[in-house]
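Source file: final_4.tsv. Holds: TSV, C-alpha atoms.
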chain	number	residue	atom	x	y	z
A	19	MET	CA	-10.76	43.66	-83.84
A	20	LYS	CA	-14.04	44.01	-81.97
A	21	ASN	CA	-14.14	40.26	-81.44
A	22	ILE	CA	-10.57	40.21	-80.10
A	23	LEU	CA	-11.31	43.01	-77.59
A	24	THR	CA	-14.44	41.22	-76.48
A	25	SER	CA	-12.50	38.01	-75.87
A	26	LEU	CA	-9.77	39.80	-73.87
A	27	LEU	CA	-12.38	41.56	-71.72
A	28	ALA	CA	-14.05	38.25	-70.99
A	29	MET	CA	-10.74	36.68	-69.94
A	30	LEU	CA	-9.95	39.60	-67.61
A	31	ILE	CA	-13.36	39.35	-65.93
A	32	LEU	CA	-12.97	35.57	-65.46
A	33	THR	CA	-9.45	35.93	-63.99
A	34	GLY	CA	-10.65	38.57	-61.55
A	35	CYS	CA	-13.48	36.36	-60.36
A	36	VAL	CA	-11.14	33.43	-59.72
A	37	THR	CA	-8.73	35.67	-57.79
A	38	ALA	CA	-11.56	37.07	-55.75
A	39	GLU	CA	-12.87	33.59	-54.99
A	40	ARG	CA	-9.46	32.48	-53.78
A	41	ALA	CA	-9.19	35.57	-51.62
A	42	ILE	CA	-12.42	34.86	-49.77
A	43	MET	CA	-11.89	31.13	-49.30
A	44	PRO	CA	-10.98	30.27	-45.72
A	45	ALA	CA	-7.37	29.27	-45.17
A	46	PRO	CA	-6.85	25.59	-44.43
A	47	ALA	CA	-6.74	24.76	-40.74
A	48	VAL	CA	-3.20	24.59	-39.31
A	49	ALA	CA	-2.48	21.30	-37.62
A	50	SER	CA	-2.18	21.72	-33.85
A	51	GLU	CA	1.22	21.12	-32.19
A	52	THR	CA	1.82	17.49	-31.31
A	53	PRO	CA	0.98	17.09	-27.59
A	54	VAL	CA	3.80	16.19	-25.21
A	55	PRO	CA	3.32	12.59	-24.07
A	56	THR	CA	2.61	12.12	-20.37
A	57	ALA	CA	4.26	9.50	-18.20
A	58	THR	CA	2.47	6.21	-18.20
A	59	PRO	CA	1.04	5.58	-14.72
A	60	LEU	CA	2.31	2.51	-12.91
A	61	PRO	CA	-0.15	-0.37	-12.97
A	62	SER	CA	-2.04	-0.86	-9.74
A	63	GLY	CA	-0.37	-3.35	-7.48
A	64	THR	CA	3.16	-2.57	-8.68
A	65	PRO	CA	5.45	-3.36	-5.73
A	66	THR	CA	7.40	-0.51	-4.17
A	67	VAL	CA	10.96	-0.76	-2.91
A	68	ILE	CA	11.02	-2.79	0.30
A	69	SER	CA	13.14	-1.43	3.15
A	70	GLU	CA	15.99	-3.58	4.35
A	71	LEU	CA	14.47	-3.21	7.82
A	72	SER	CA	10.92	-4.14	6.82
A	73	ALA	CA	11.14	-7.34	8.89
A	74	TYR	CA	11.58	-5.16	11.98
A	75	ALA	CA	8.70	-2.75	11.42
A	76	PHE	CA	6.08	-2.34	14.11
A	77	PRO	CA	3.89	-5.46	13.79
A	78	ALA	CA	0.56	-5.24	11.99
A	79	SER	CA	-0.91	-7.70	14.48
A	80	ILE	CA	0.13	-7.99	18.11
A	81	ASP	CA	0.47	-11.30	19.93
A	82	PRO	CA	0.24	-10.65	23.70
A	83	SER	CA	2.14	-13.88	24.41
A	84	LYS	CA	5.32	-12.65	22.67
A	85	GLN	CA	8.25	-10.69	24.05
A	86	TYR	CA	8.92	-7.40	22.28
A	87	LEU	CA	12.27	-5.63	22.01
A	88	PHE	CA	12.84	-2.17	20.56
A	89	TYR	CA	16.37	-1.37	19.39
A	90	LEU	CA	17.41	2.29	18.94
A	91	HIS	CA	20.66	2.71	17.01
A	92	GLY	CA	23.50	5.22	17.40
A	93	LYS	CA	23.70	8.56	15.59
A	94	ILE	CA	26.11	7.40	12.87
A	95	VAL	CA	23.22	5.50	11.25
A	96	GLU	CA	21.30	8.77	11.06
A	97	ASP	CA	24.28	10.43	9.39
A	98	GLN	CA	25.36	7.72	6.96
A	99	GLY	CA	22.47	5.28	6.59
A	100	LEU	CA	22.06	1.56	7.19
A	101	HIS	CA	25.59	0.62	6.20
A	102	ALA	CA	27.41	3.27	8.23
A	103	VAL	CA	31.18	2.95	8.69
A	104	SER	CA	33.27	4.78	11.27
A	105	PRO	CA	36.96	5.42	10.56
A	106	ASP	CA	37.64	4.53	14.19
A	107	TYR	CA	35.26	1.64	14.88
A	108	GLY	CA	34.48	0.15	11.49
A	109	GLU	CA	31.07	-0.86	10.19
A	110	TYR	CA	28.01	-0.39	12.36
A	111	GLU	CA	26.55	-3.90	12.05
A	112	TYR	CA	22.99	-2.74	12.51
A	113	GLU	CA	21.18	-5.60	10.82
A	114	ALA	CA	23.43	-8.22	12.43
A	115	ILE	CA	22.51	-6.81	15.84
A	116	LEU	CA	18.80	-7.04	15.04
A	117	GLU	CA	19.15	-10.57	13.70
A	118	LYS	CA	20.95	-11.70	16.83
A	119	PHE	CA	18.27	-10.28	19.12
A	120	ALA	CA	15.59	-11.93	16.96
A	121	GLY	CA	17.46	-15.21	17.28
A	122	TYR	CA	16.67	-15.19	21.00
A	123	GLY	CA	12.96	-15.24	20.25
A	124	PHE	CA	12.08	-11.55	20.57
A	125	VAL	CA	9.80	-9.67	18.22
A	126	VAL	CA	12.39	-7.03	17.33
A	127	ILE	CA	11.19	-3.55	16.38
A	128	SER	CA	13.62	-1.07	14.87
A	129	GLU	CA	13.81	1.60	12.20
A	130	GLN	CA	16.38	3.98	10.80
A	131	ARG	CA	15.84	7.47	12.17
A	132	PRO	CA	16.12	10.41	9.76
A	133	LYS	CA	19.23	12.57	9.82
A	134	ASN	CA	19.48	14.85	12.85
A	135	ALA	CA	16.28	13.37	14.29
A	136	ASP	CA	14.72	15.24	17.19
A	137	GLY	CA	15.32	12.92	20.14
A	138	MET	CA	12.26	13.97	22.12
A	139	LYS	CA	9.93	13.65	19.13
A	140	TYR	CA	11.27	10.18	18.40
A	141	ALA	CA	10.95	9.22	22.06
A	142	LYS	CA	7.26	10.16	21.89
A	143	ARG	CA	6.88	8.04	18.76
A	144	VAL	CA	8.23	4.96	20.56
A	145	VAL	CA	6.13	5.75	23.64
A	146	GLY	CA	3.08	5.60	21.37
A	147	GLN	CA	4.13	2.21	20.02
A	148	VAL	CA	4.81	0.81	23.50
A	149	THR	CA	1.43	2.11	24.64
A	150	GLU	CA	-0.19	0.30	21.71
A	151	LEU	CA	1.44	-2.96	22.81
A	152	LEU	CA	0.22	-2.45	26.37
A	153	LYS	CA	-3.33	-1.73	25.20
A	154	ALA	CA	-3.25	-4.92	23.12
A	155	GLY	CA	-2.56	-6.92	26.27
A	156	VAL	CA	1.22	-7.35	26.18
A	157	PRO	CA	2.48	-7.46	29.79
A	158	ALA	CA	4.84	-4.57	30.59
A	159	LYS	CA	7.51	-7.04	31.74
A	160	ASN	CA	7.56	-8.48	28.20
A	161	ILE	CA	8.58	-5.15	26.65
A	162	THR	CA	12.21	-4.00	26.49
A	163	VAL	CA	13.78	-0.90	24.95
A	164	VAL	CA	17.49	-1.10	24.13
A	165	GLY	CA	19.32	2.07	23.09
A	166	ALA	CA	22.89	2.71	21.96
A	167	SER	CA	24.59	6.11	22.33
A	168	LYS	CA	22.07	8.68	20.99
A	169	GLY	CA	19.57	5.83	20.97
A	170	ALA	CA	20.29	5.40	24.69
A	171	GLY	CA	19.60	9.09	25.30
A	172	ILE	CA	16.24	8.65	23.58
A	173	THR	CA	15.61	5.50	25.64
A	174	ILE	CA	16.10	7.48	28.84
A	175	GLU	CA	13.41	9.91	27.69
A	176	ILE	CA	11.10	6.99	26.81
A	177	SER	CA	11.55	5.60	30.32
A	178	HIS	CA	10.76	9.00	31.82
A	179	LEU	CA	7.69	9.61	29.64
A	180	LEU	CA	6.12	6.18	30.07
A	181	GLU	CA	6.31	6.22	33.87
A	182	ASN	CA	5.89	2.44	33.90
A	183	LYS	CA	7.71	0.55	36.64
A	184	GLU	CA	7.72	-2.84	34.90
A	185	ILE	CA	9.07	-2.15	31.41
A	186	ASN	CA	12.75	-3.05	30.86
A	187	PHE	CA	15.38	-0.65	29.53
A	188	VAL	CA	19.00	-1.13	28.49
A	189	ILE	CA	21.03	2.07	27.99
A	190	MET	CA	24.46	1.71	26.44
A	191	ALA	CA	27.34	4.20	26.32
A	192	ILE	CA	25.46	7.33	27.33
A	193	CYS	CA	26.09	8.56	30.88
A	194	ASN	CA	29.05	10.88	30.41
A	195	PRO	CA	29.27	13.58	33.13
A	196	GLU	CA	27.77	16.32	30.93
A	197	GLU	CA	24.82	14.15	29.94
A	198	VAL	CA	24.13	13.12	33.53
A	199	GLU	CA	24.28	16.72	34.72
A	200	ALA	CA	21.80	17.82	32.04
A	201	LEU	CA	19.41	14.99	32.97
A	202	LYS	CA	19.64	15.92	36.64
A	203	GLN	CA	18.97	19.57	35.85
A	204	ASN	CA	15.88	18.55	33.88
A	205	GLN	CA	14.76	16.18	36.64
A	206	THR	CA	14.62	13.30	34.15
A	207	ILE	CA	13.56	10.46	36.42
A	208	LEU	CA	14.07	6.89	35.25
A	209	TYR	CA	11.15	4.45	35.48
A	210	GLY	CA	11.16	0.69	35.07
A	211	ASN	CA	14.04	-1.75	35.22
A	212	VAL	CA	17.18	-0.11	33.87
A	213	LEU	CA	20.52	-1.67	32.94
A	214	SER	CA	23.51	0.50	31.95
A	215	ILE	CA	26.37	-0.95	29.88
A	216	TYR	CA	29.54	0.78	28.69
A	217	ASP	CA	33.19	0.05	27.99
A	218	SER	CA	35.75	1.24	30.53
A	219	VAL	CA	37.75	3.24	27.94
A	220	ASP	CA	34.76	4.87	26.23
A	221	GLU	CA	35.45	8.61	26.21
A	222	TYR	CA	31.80	9.35	25.36
A	223	ALA	CA	30.26	7.33	28.21
A	224	GLY	CA	30.39	6.91	31.96
A	225	SER	CA	28.49	5.71	35.00
A	226	CYS	CA	24.73	6.22	35.33
A	227	GLN	CA	24.92	5.79	39.11
A	228	GLU	CA	23.95	9.38	39.92
A	229	LEU	CA	20.92	9.08	37.66
A	230	PHE	CA	19.93	5.83	39.38
A	231	GLU	CA	20.25	7.43	42.80
A	232	MET	CA	18.12	10.41	41.74
A	233	SER	CA	15.43	8.00	40.52
A	234	GLU	CA	15.33	5.76	43.60
A	235	GLY	CA	11.95	5.72	45.32
A	236	LYS	CA	10.34	7.61	42.44
A	237	GLY	CA	9.87	5.14	39.64
A	238	ILE	CA	12.93	3.01	39.04
A	239	GLY	CA	12.68	-0.69	39.86
A	240	ARG	CA	15.61	-3.03	39.31
A	241	TYR	CA	18.77	-1.33	38.12
A	242	ASP	CA	22.35	-2.36	37.48
A	243	GLU	CA	25.43	-1.30	35.60
A	244	ILE	CA	27.99	-3.37	33.70
A	245	VAL	CA	31.42	-1.93	32.90
A	246	LEU	CA	33.14	-3.93	30.17
A	247	ASN	CA	36.87	-4.11	29.57
A	248	ILE	CA	36.89	-4.89	25.87
A	249	GLY	CA	39.08	-1.90	25.12
A	250	THR	CA	37.35	-0.62	21.98
A	251	GLY	CA	35.38	2.07	23.80
A	252	HIS	CA	32.38	3.30	21.83
A	253	GLY	CA	33.19	0.63	19.28
A	254	ILE	CA	31.42	-2.06	21.34
A	255	LEU	CA	28.13	-0.66	20.03
A	256	TYR	CA	29.06	-1.37	16.43
A	257	LYS	CA	29.00	-5.16	16.69
A	258	PRO	CA	26.63	-7.73	18.23
A	259	LEU	CA	29.16	-8.71	20.88
A	260	ASP	CA	28.05	-11.36	23.37
A	261	GLU	CA	29.66	-9.30	26.13
A	262	TRP	CA	26.84	-6.73	25.97
A	263	LEU	CA	24.13	-8.50	24.00
A	264	ILE	CA	23.67	-11.50	26.28
A	265	PRO	CA	23.34	-9.32	29.44
A	266	ALA	CA	20.75	-7.24	27.54
A	267	VAL	CA	18.82	-10.41	26.64
A	268	GLU	CA	18.96	-11.66	30.23
A	269	TRP	CA	17.77	-8.28	31.49
A	270	ALA	CA	14.84	-8.35	29.08
A	271	ARG	CA	13.90	-11.78	30.47
A	272	GLY	CA	13.87	-10.42	34.00
A	273	ARG	CA	17.06	-12.09	35.14

As structure tokens:
Amino acid sequence: MKNILTSLLAMLILTGCVTAERAIMPAPAVASETPVPTATPLPSGTPTVISELSAYAFPASIDPSKQYLFYLHGKIVEDQGLHAVSPDYGEYEYEAILEKFAGYGFVVISEQRPKNADGMKYAKRVVGQVTELLKAGVPAKNITVVGASKGAGITIEISHLLENKEINFVIMAICNPEEVEALKQNQTILYGNVLSIYDSVDEYAGSCQELFEMSEGKGIGRYDEIVLNIGTGHGILYKPLDEWLIPAVEWARGR
């Protein structure tokens, strides 16, 4: 009996030691949560999306022997983008207009303005670009700014801000009576050689004659106005029609 009790006591002591050892052993480390993978960076030199108008960006190098033509589009391109379509006038053939001007040998500069662009801020942007051309040695007579509708309103401001009597400007479909009155109130004097073009039935446009008269003897050089009888009104701006585009080209060439 004594031997049995001794054996049981020994077993109890051994079991207690094992339990105690397990109790003091550190718990195994818990594996950390799998990290969320991060996006793989694009390799250096990966090409970005090229704008459809990249060929008409302001040139990286300036050739003083070239003729430069800025084209400022109508507001619908701000609202809808490069492939704007009017329910009344159809597609605004923006790129076709630029291509046709370029076909006459001009370095064409144009860009899509952001929606609801501030006209005065954008005018100052173009003034800076024109000034850069002048500083690079481009003769003022070899620079032309062509604007359509809202683009024409911005072109008027560019003419006023530059105060250069030799630069050429073509303003299309802009001089409605309200616009002219506002320009007169603000004493917006035209400088340079200015050609106005609009269609006879355009309800958004009219004659710039009063603006020309206000500018006489103050900064305006050559000026003229062409009233077309195409019959599509504001729609003439939407297509590269020879009826307005060729006179604009001739004006830019000083003819």

Using all atoms listed in the file, give me every residue within 12 Å of (8.7, -9.3, 31.1) in file coordinates, as a compact mmCIF listing (two decimals) with C-alpha atoms, keeping the file's coordinate frame.
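What follows is the written file part_18.txt:
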# COMPACT_ATOMS: atom_id res chain seq x y z
CA PRO A 82 0.24 -10.65 23.70
CA SER A 83 2.14 -13.88 24.41
CA LYS A 84 5.32 -12.65 22.67
CA GLN A 85 8.25 -10.69 24.05
CA TYR A 86 8.92 -7.40 22.28
CA LEU A 87 12.27 -5.63 22.01
CA PHE A 124 12.08 -11.55 20.57
CA LEU A 152 0.22 -2.45 26.37
CA VAL A 156 1.22 -7.35 26.18
CA PRO A 157 2.48 -7.46 29.79
CA ALA A 158 4.84 -4.57 30.59
CA LYS A 159 7.51 -7.04 31.74
CA ASN A 160 7.56 -8.48 28.20
CA ILE A 161 8.58 -5.15 26.65
CA THR A 162 12.21 -4.00 26.49
CA VAL A 163 13.78 -0.90 24.95
CA LYS A 183 7.71 0.55 36.64
CA GLU A 184 7.72 -2.84 34.90
CA ILE A 185 9.07 -2.15 31.41
CA ASN A 186 12.75 -3.05 30.86
CA PHE A 187 15.38 -0.65 29.53
CA GLY A 210 11.16 0.69 35.07
CA ASN A 211 14.04 -1.75 35.22
CA VAL A 267 18.82 -10.41 26.64
CA GLU A 268 18.96 -11.66 30.23
CA TRP A 269 17.77 -8.28 31.49
CA ALA A 270 14.84 -8.35 29.08
CA ARG A 271 13.90 -11.78 30.47
CA GLY A 272 13.87 -10.42 34.00
CA ARG A 273 17.06 -12.09 35.14

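You will find CA of Gln98 in chain A at 27.1 Å from CA of Pro195 in chain A.
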
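When the distance limit is 12 Å and all atoms listed in the file are what count, the residues near Gln147 in chain A, minus those fewer than 2 positions from it on the same chain, are Ala75, Phe76, Pro77, Ala78, Ile80, Tyr86, Leu87, Phe88, Ile127, Ser128, Tyr140, Ala141, Lys142, Arg143, Val144, Val145, Thr149, Glu150, Leu151, Leu152, Lys153, Ala154, Val156, Ile161, Val163, Ile176 and Leu180 of chain A.
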
Can I get the selected residues back with C-alpha atoms, as a PDB file, in the frame of the given file?
ATOM      1  CA  ALA A  75       8.700  -2.750  11.420  1.00  0.00           C
ATOM      2  CA  PHE A  76       6.080  -2.340  14.110  1.00  0.00           C
ATOM      3  CA  PRO A  77       3.890  -5.460  13.790  1.00  0.00           C
ATOM      4  CA  ALA A  78       0.560  -5.240  11.990  1.00  0.00           C
ATOM      5  CA  ILE A  80       0.130  -7.990  18.110  1.00  0.00           C
ATOM      6  CA  TYR A  86       8.920  -7.400  22.280  1.00  0.00           C
ATOM      7  CA  LEU A  87      12.270  -5.630  22.010  1.00  0.00           C
ATOM      8  CA  PHE A  88      12.840  -2.170  20.560  1.00  0.00           C
ATOM      9  CA  ILE A 127      11.190  -3.550  16.380  1.00  0.00           C
ATOM     10  CA  SER A 128      13.620  -1.070  14.870  1.00  0.00           C
ATOM     11  CA  TYR A 140      11.270  10.180  18.400  1.00  0.00           C
ATOM     12  CA  ALA A 141      10.950   9.220  22.060  1.00  0.00           C
ATOM     13  CA  LYS A 142       7.260  10.160  21.890  1.00  0.00           C
ATOM     14  CA  ARG A 143       6.880   8.040  18.760  1.00  0.00           C
ATOM     15  CA  VAL A 144       8.230   4.960  20.560  1.00  0.00           C
ATOM     16  CA  VAL A 145       6.130   5.750  23.640  1.00  0.00           C
ATOM     17  CA  THR A 149       1.430   2.110  24.640  1.00  0.00           C
ATOM     18  CA  GLU A 150      -0.190   0.300  21.710  1.00  0.00           C
ATOM     19  CA  LEU A 151       1.440  -2.960  22.810  1.00  0.00           C
ATOM     20  CA  LEU A 152       0.220  -2.450  26.370  1.00  0.00           C
ATOM     21  CA  LYS A 153      -3.330  -1.730  25.200  1.00  0.00           C
ATOM     22  CA  ALA A 154      -3.250  -4.920  23.120  1.00  0.00           C
ATOM     23  CA  VAL A 156       1.220  -7.350  26.180  1.00  0.00           C
ATOM     24  CA  ILE A 161       8.580  -5.150  26.650  1.00  0.00           C
ATOM     25  CA  VAL A 163      13.780  -0.900  24.950  1.00  0.00           C
ATOM     26  CA  ILE A 176      11.100   6.990  26.810  1.00  0.00           C
ATOM     27  CA  LEU A 180       6.120   6.180  30.070  1.00  0.00           C
TER      28      LEU A 180
END

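Note that CA of Pro132 in chain A and CA of Glu96 in chain A are 5.6 Å apart.
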
Enclose range 85-99 of chain A, meaning all of its atoms listed in the file, in a box aligned along x, y and z, pad it by 3 Å on each side, and list the centre and edge lengths in Å to one decimal, as lines of an AutoDock Vina configuration file.
center_x = 17.2
center_y = -0.1
center_z = 15.3
size_x = 23.9
size_y = 27.1
size_z = 23.5

- Find the spatial neighbours of Asp220 in chain A, counting only C-alpha atoms, within a cut-off of 8 Å - ignore same-chain residues fewer than 4 positions away - and output them as a PyMOL selection string. chain A and resi 191+216+224+250-252

For Leu229 in chain A, work out the shell of residues within 10 Å, counting only C-alpha atoms and skipping chain neighbours fewer than 3 positions away, then give it as a PDB file with C-alpha atoms, in the frame of the given file.
ATOM      1  CA  CYS A 193      26.090   8.560  30.880  1.00  0.00           C
ATOM      2  CA  VAL A 198      24.130  13.120  33.530  1.00  0.00           C
ATOM      3  CA  GLU A 199      24.280  16.720  34.720  1.00  0.00           C
ATOM      4  CA  LEU A 201      19.410  14.990  32.970  1.00  0.00           C
ATOM      5  CA  LYS A 202      19.640  15.920  36.640  1.00  0.00           C
ATOM      6  CA  GLN A 205      14.760  16.180  36.640  1.00  0.00           C
ATOM      7  CA  THR A 206      14.620  13.300  34.150  1.00  0.00           C
ATOM      8  CA  ILE A 207      13.560  10.460  36.420  1.00  0.00           C
ATOM      9  CA  LEU A 208      14.070   6.890  35.250  1.00  0.00           C
ATOM     10  CA  SER A 225      28.490   5.710  35.000  1.00  0.00           C
ATOM     11  CA  CYS A 226      24.730   6.220  35.330  1.00  0.00           C
ATOM     12  CA  MET A 232      18.120  10.410  41.740  1.00  0.00           C
ATOM     13  CA  SER A 233      15.430   8.000  40.520  1.00  0.00           C
ATOM     14  CA  GLU A 234      15.330   5.760  43.600  1.00  0.00           C
TER      15      GLU A 234
END

- Skipping near chain neighbours, those fewer than 6 positions away, what residues fall within 6 Å of Gly165 in chain A using all atoms listed in the file, listed as a PyMOL selection string? chain A and resi 89-90+173+189

- Query: Using all atoms listed in the file, which of the listed residues (A:Glu129, A:Asp81, A:Glu70, A:Glu181) sits closest to Lys236 in chain A?
  - Reply: A:Glu181

Taking N, CA and C atoms as the atom set, what does range 183-206 of chain A look like once completed, written as a JSON list (two decimals), in the frame of the given file?
[["chain", "number", "residue", "atom", "x", "y", "z"],
["A", 183, "LYS", "N", 6.69, 1.14, 35.78],
["A", 183, "LYS", "CA", 7.71, 0.55, 36.64],
["A", 183, "LYS", "C", 8.11, -0.88, 36.25],
["A", 184, "GLU", "N", 7.45, -1.44, 35.25],
["A", 184, "GLU", "CA", 7.72, -2.84, 34.90],
["A", 184, "GLU", "C", 8.42, -3.04, 33.56],
["A", 185, "ILE", "N", 8.42, -2.03, 32.72],
["A", 185, "ILE", "CA", 9.07, -2.15, 31.41],
["A", 185, "ILE", "C", 10.59, -2.18, 31.61],
["A", 186, "ASN", "N", 11.30, -2.90, 30.75],
["A", 186, "ASN", "CA", 12.75, -3.05, 30.86],
["A", 186, "ASN", "C", 13.46, -2.11, 29.89],
["A", 187, "PHE", "N", 14.58, -1.56, 30.35],
["A", 187, "PHE", "CA", 15.38, -0.65, 29.53],
["A", 187, "PHE", "C", 16.85, -1.01, 29.64],
["A", 188, "VAL", "N", 17.54, -0.95, 28.51],
["A", 188, "VAL", "CA", 19.00, -1.13, 28.49],
["A", 188, "VAL", "C", 19.59, 0.10, 27.81],
["A", 189, "ILE", "N", 20.42, 0.85, 28.54],
["A", 189, "ILE", "CA", 21.03, 2.07, 27.99],
["A", 189, "ILE", "C", 22.53, 1.85, 27.90],
["A", 190, "MET", "N", 23.06, 2.02, 26.68],
["A", 190, "MET", "CA", 24.46, 1.71, 26.44],
["A", 190, "MET", "C", 25.25, 2.94, 26.00],
["A", 191, "ALA", "N", 26.37, 3.16, 26.70],
["A", 191, "ALA", "CA", 27.34, 4.20, 26.32],
["A", 191, "ALA", "C", 26.72, 5.58, 26.24],
["A", 192, "ILE", "N", 26.14, 6.04, 27.36],
["A", 192, "ILE", "CA", 25.46, 7.33, 27.33],
["A", 192, "ILE", "C", 25.81, 8.25, 28.50],
["A", 193, "CYS", "N", 26.05, 7.71, 29.69],
["A", 193, "CYS", "CA", 26.09, 8.56, 30.88],
["A", 193, "CYS", "C", 27.44, 9.24, 31.10],
["A", 194, "ASN", "N", 27.87, 10.06, 30.14],
["A", 194, "ASN", "CA", 29.05, 10.88, 30.41],
["A", 194, "ASN", "C", 28.65, 11.99, 31.38],
["A", 195, "PRO", "N", 29.60, 12.60, 32.08],
["A", 195, "PRO", "CA", 29.27, 13.58, 33.13],
["A", 195, "PRO", "C", 28.36, 14.71, 32.65],
["A", 196, "GLU", "N", 28.59, 15.22, 31.43],
["A", 196, "GLU", "CA", 27.77, 16.32, 30.93],
["A", 196, "GLU", "C", 26.33, 15.88, 30.71],
["A", 197, "GLU", "N", 26.17, 14.68, 30.18],
["A", 197, "GLU", "CA", 24.82, 14.15, 29.94],
["A", 197, "GLU", "C", 24.07, 13.95, 31.25],
["A", 198, "VAL", "N", 24.76, 13.37, 32.23],
["A", 198, "VAL", "CA", 24.13, 13.12, 33.53],
["A", 198, "VAL", "C", 23.72, 14.43, 34.18],
["A", 199, "GLU", "N", 24.59, 15.42, 34.12],
["A", 199, "GLU", "CA", 24.28, 16.72, 34.72],
["A", 199, "GLU", "C", 23.04, 17.34, 34.07],
["A", 200, "ALA", "N", 22.96, 17.27, 32.75],
["A", 200, "ALA", "CA", 21.80, 17.82, 32.04],
["A", 200, "ALA", "C", 20.52, 17.09, 32.44],
["A", 201, "LEU", "N", 20.59, 15.77, 32.57],
["A", 201, "LEU", "CA", 19.41, 14.99, 32.97],
["A", 201, "LEU", "C", 18.99, 15.32, 34.40],
["A", 202, "LYS", "N", 19.95, 15.53, 35.25],
["A", 202, "LYS", "CA", 19.64, 15.92, 36.64],
["A", 202, "LYS", "C", 19.00, 17.30, 36.68],
["A", 203, "GLN", "N", 19.53, 18.22, 35.89],
["A", 203, "GLN", "CA", 18.97, 19.57, 35.85],
["A", 203, "GLN", "C", 17.52, 19.54, 35.37],
["A", 204, "ASN", "N", 17.24, 18.66, 34.42],
["A", 204, "ASN", "CA", 15.88, 18.55, 33.88],
["A", 204, "ASN", "C", 14.97, 17.64, 34.69],
["A", 205, "GLN", "N", 15.53, 17.10, 35.79],
["A", 205, "GLN", "CA", 14.76, 16.18, 36.64],
["A", 205, "GLN", "C", 14.18, 15.02, 35.82],
["A", 206, "THR", "N", 15.03, 14.43, 34.98],
["A", 206, "THR", "CA", 14.62, 13.30, 34.15],
["A", 206, "THR", "C", 14.72, 12.02, 34.97]]
